[in-house]
Amino acid sequence: MLASGRRGGVNQVLIAIVPPIIFLAGLLVYNAYKWVVPSAFTVDRTTTVEALEVLDGINPLGKAGLFIPQPQSLRSGGSSRLVVSRAADDGAFILVTGQISASFLQEKIPLDRMLHLQFLRNSIRVESAGESVEAVVLILRTETNPLVVEAPSVDSPVSSSALFADQSLLPVPAGTTFPTMFVSNNGMSVACSLGEGSGTIGPVDLSSLVVSSQLEFTLDPESSAWIEMPKTLRFQHTAIGMENPEIGLLIPRDAAGSDPFEIVLLGEPVATIQRR
């Protein structure tokens with residue numbers, strides 16, 4: 001009878017130890033999964049900035065709807081804007097910069113016939129307490145020494161009325177506008193000159209044959225250049241060389257409400273940004 005009682009007994013030590021072990025094992029598996037499968041959107045930096053719309057009517061796309069490579073001149077005749085940002089404590093915007101996971105896009109977006117992923121600008125949006133916030137989706141332009149855009153016309157000299165007037169990105173940073181330069185009170189400097197280089201005619205790339213007038217923008221070292229993402233942008237699939245796309249989100253600081261901003265990508269919340 002004694003032996004039978006021992007076989008039917010419950011080990012209290014195992015009862016106490018097993019649940020924590022299961023919990024820790026699950027936590028390790030989850031962390032390993034998060035390490036192998038990165039976040040859909042990784043926030044690199046959140047900065048309070050002033051922002052200036054320098055030029056509109058830009059087309060940043062080349063063949064097959066792919067973004068024009070950084071060293072090449074941007075085209076004119078599109079619907080995107082050239083935007084310059086600079087860190088400023090009294091800036092009117094929060095600039096969120098980060099990377100979209102290429103693997104996440106591949107899971108969500110089917111390939112087209114050219115092995116491209118068609119990404120719509122409205123696929124990424126900003127909300128606060130469930131209400132939409134009018135943020136601007138941007139792509140970084142690293143070639144800024146100078147940044148080159150095909151001139152919308154061959155008028156010379158360059159007119160500031162075509163560069164810094166009639167802005168749709170408000171409020172405009174406080175500063176001084178010169179005929180071919182803008183200087184903000186916080187030190188942002190955007191200078192423009194007229195040059196010549198190879199370019200395109202309409203949708204046809206004739207860069208080896210055509211010499212076109214170009215606007216050459218030079219920024220101060222602390223400012224960054226951005227191009228507003230077009231309505232449709234195509235990314236190359238990993239088989240061709242896709243990398244994690246880098247983007248920026250320009251969020252108005254005076255947006256209605258007091259709740260944090262939430263970034264939604266392809267219908268999924270991917271990041272929370274505190275108000276400043």
# chains A, B, ... in the order shown; residues from 1 in each chain; ligands from 1
call {"tool": "select_by_dssp", "arguments": {"residues": "region 55-159 of chain A", "states": "alpha helix (DSSP H)", "output": "list in words"}}
result
Ala102, Ser103, Phe104, Leu105, Gln106, Glu107 and Lys108 of chain A
call {"tool": "write_last_selection", "arguments": {"atoms": "N, CA and C atoms", "output": "tab-separated table (two decimals), in the first residue's frame"}}
result
chain	number	residue	atom	x	y	z
A	102	ALA	N	11.89	44.59	-46.46
A	102	ALA	CA	11.67	44.06	-47.81
A	102	ALA	C	10.92	42.74	-47.76
A	103	SER	N	11.23	41.91	-46.77
A	103	SER	CA	10.54	40.62	-46.66
A	103	SER	C	9.06	40.81	-46.35
A	104	PHE	N	8.73	41.85	-45.56
A	104	PHE	CA	7.34	42.15	-45.27
A	104	PHE	C	6.59	42.53	-46.54
A	105	LEU	N	7.20	43.38	-47.37
A	105	LEU	CA	6.56	43.77	-48.62
A	105	LEU	C	6.36	42.57	-49.54
A	106	GLN	N	7.34	41.68	-49.58
A	106	GLN	CA	7.23	40.51	-50.44
A	106	GLN	C	6.11	39.59	-50.00
A	107	GLU	N	5.85	39.55	-48.68
A	107	GLU	CA	4.75	38.72	-48.18
A	107	GLU	C	3.39	39.32	-48.53
A	108	LYS	N	3.33	40.65	-48.60
A	108	LYS	CA	2.05	41.34	-48.74
A	108	LYS	C	1.70	41.71	-50.19
call {"tool": "residues_around", "arguments": {"residues": "region 182-184 of chain A", "least_positions_apart": "2", "cutoff": "10 Å", "atoms": "only C-alpha atoms", "output": "PyMOL selection string"}}
result
chain A and resi 50+52+54+86+160+163-164+172-180+186-192+219-220
call {"tool": "atom_distance", "arguments": {"atom1": "CA of Glu268 (chain A)", "atom2": "CA of Leu82 (chain A)"}}
result
28.4 Å
call {"tool": "residues_around", "arguments": {"residues": "Val96 (chain A)", "least_positions_apart": "6", "cutoff": "6 Å", "atoms": "only C-alpha atoms", "output": "PyMOL selection string"}}
result
chain A and resi 45-46+248-249
call {"tool": "residues_around", "arguments": {"residues": "Asp44 (chain A)", "least_positions_apart": "5", "cutoff": "9 Å", "atoms": "only C-alpha atoms", "output": "list of chain:residue names"}}
result
A:Val96, A:Thr97, A:Gly98, A:Gln99
call {"tool": "closest_residue", "arguments": {"among": "A:Ser80, A:Phe67, A:Leu194, A:Arg234", "to": "Leu111 (chain A)", "atoms": "only C-alpha atoms"}}
result
A:Arg234
call {"tool": "residues_around", "arguments": {"residues": "Arg276 (chain A)", "least_positions_apart": "4", "cutoff": "8 Å", "atoms": "only C-alpha atoms", "output": "number ranges by chain"}}
result
A: 48, 94, 253
call {"tool": "atom_distance", "arguments": {"atom1": "CA of Asp166 (chain A)", "atom2": "CA of Leu233 (chain A)"}}
result
26.5 Å
call {"tool": "closest_atom_pairs", "arguments": {"of": "region 48-89 of chain A", "to": "region 122-143 of chain A", "cutoff": "9 Å", "atoms": "only C-alpha atoms", "output": "CSV"}}
result
residue,atom,partner,partner_atom,distance
A:Gln70,CA,A:Glu143,CA,5.9
A:Pro71,CA,A:Glu143,CA,6.2
A:Gln72,CA,A:Glu143,CA,8.6
A:Val83,CA,A:Leu138,CA,8.5
call {"tool": "closest_residue", "arguments": {"among": "A:Pro171, A:Gly65, A:Ala271, A:Phe93", "to": "Gln118 (chain A)", "atoms": "only C-alpha atoms"}}
result
A:Gly65
call {"tool": "decode", "arguments": {"residues": "region 53-106 of chain A", "atoms": "C-alpha atoms", "output": "mmCIF file, in the first residue's frame"}}
result
data_model
loop_
_atom_site.group_PDB
_atom_site.id
_atom_site.type_symbol
_atom_site.label_atom_id
_atom_site.label_comp_id
_atom_site.auth_asym_id
_atom_site.auth_seq_id
_atom_site.Cartn_x
_atom_site.Cartn_y
_atom_site.Cartn_z
ATOM 1 C CA GLU A 53 8.915 72.951 -50.129
ATOM 2 C CA VAL A 54 11.564 73.960 -52.672
ATOM 3 C CA LEU A 55 10.055 72.879 -55.980
ATOM 4 C CA ASP A 56 6.946 71.017 -57.104
ATOM 5 C CA GLY A 57 6.098 69.260 -60.349
ATOM 6 C CA ILE A 58 8.888 66.678 -60.023
ATOM 7 C CA ASN A 59 8.813 63.129 -61.345
ATOM 8 C CA PRO A 60 11.262 60.936 -59.402
ATOM 9 C CA LEU A 61 10.513 57.818 -61.439
ATOM 10 C CA GLY A 62 12.429 56.317 -64.316
ATOM 11 C CA LYS A 63 11.796 53.200 -66.359
ATOM 12 C CA ALA A 64 9.114 50.757 -65.183
ATOM 13 C CA GLY A 65 8.149 53.081 -62.332
ATOM 14 C CA LEU A 66 11.387 52.515 -60.431
ATOM 15 C CA PHE A 67 12.957 55.343 -58.459
ATOM 16 C CA ILE A 68 15.647 57.248 -60.381
ATOM 17 C CA PRO A 69 19.116 56.273 -59.059
ATOM 18 C CA GLN A 70 20.653 58.797 -56.681
ATOM 19 C CA PRO A 71 23.435 60.084 -58.983
ATOM 20 C CA GLN A 72 21.033 60.837 -61.840
ATOM 21 C CA SER A 73 19.031 63.996 -62.463
ATOM 22 C CA LEU A 74 15.409 63.967 -61.322
ATOM 23 C CA ARG A 75 12.816 64.610 -63.997
ATOM 24 C CA SER A 76 10.307 67.434 -64.239
ATOM 25 C CA GLY A 77 6.639 67.085 -65.092
ATOM 26 C CA GLY A 78 5.405 64.953 -62.211
ATOM 27 C CA SER A 79 3.299 65.557 -59.107
ATOM 28 C CA SER A 80 5.943 65.134 -56.388
ATOM 29 C CA ARG A 81 7.604 67.885 -54.352
ATOM 30 C CA LEU A 82 11.227 68.533 -53.452
ATOM 31 C CA VAL A 83 11.339 69.082 -49.675
ATOM 32 C CA VAL A 84 14.267 70.156 -47.504
ATOM 33 C CA SER A 85 14.270 69.527 -43.753
ATOM 34 C CA ARG A 86 16.505 70.693 -40.926
ATOM 35 C CA ALA A 87 16.408 69.921 -37.213
ATOM 36 C CA ALA A 88 14.867 72.827 -35.276
ATOM 37 C CA ASP A 89 13.452 72.968 -31.764
ATOM 38 C CA ASP A 90 10.653 75.257 -32.973
ATOM 39 C CA GLY A 91 10.032 73.257 -36.158
ATOM 40 C CA ALA A 92 6.446 72.603 -37.200
ATOM 41 C CA PHE A 93 6.947 68.929 -38.090
ATOM 42 C CA ILE A 94 8.061 65.609 -36.676
ATOM 43 C CA LEU A 95 10.243 63.749 -39.166
ATOM 44 C CA VAL A 96 10.198 59.972 -38.661
ATOM 45 C CA THR A 97 12.853 58.133 -40.644
ATOM 46 C CA GLY A 98 13.142 54.390 -40.941
ATOM 47 C CA GLN A 99 13.198 51.293 -43.111
ATOM 48 C CA ILE A 100 10.404 49.128 -44.448
ATOM 49 C CA SER A 101 11.184 45.421 -44.304
ATOM 50 C CA ALA A 102 11.674 44.063 -47.810
ATOM 51 C CA SER A 103 10.542 40.615 -46.661
ATOM 52 C CA PHE A 104 7.336 42.146 -45.268
ATOM 53 C CA LEU A 105 6.564 43.774 -48.624
ATOM 54 C CA GLN A 106 7.231 40.513 -50.445
#
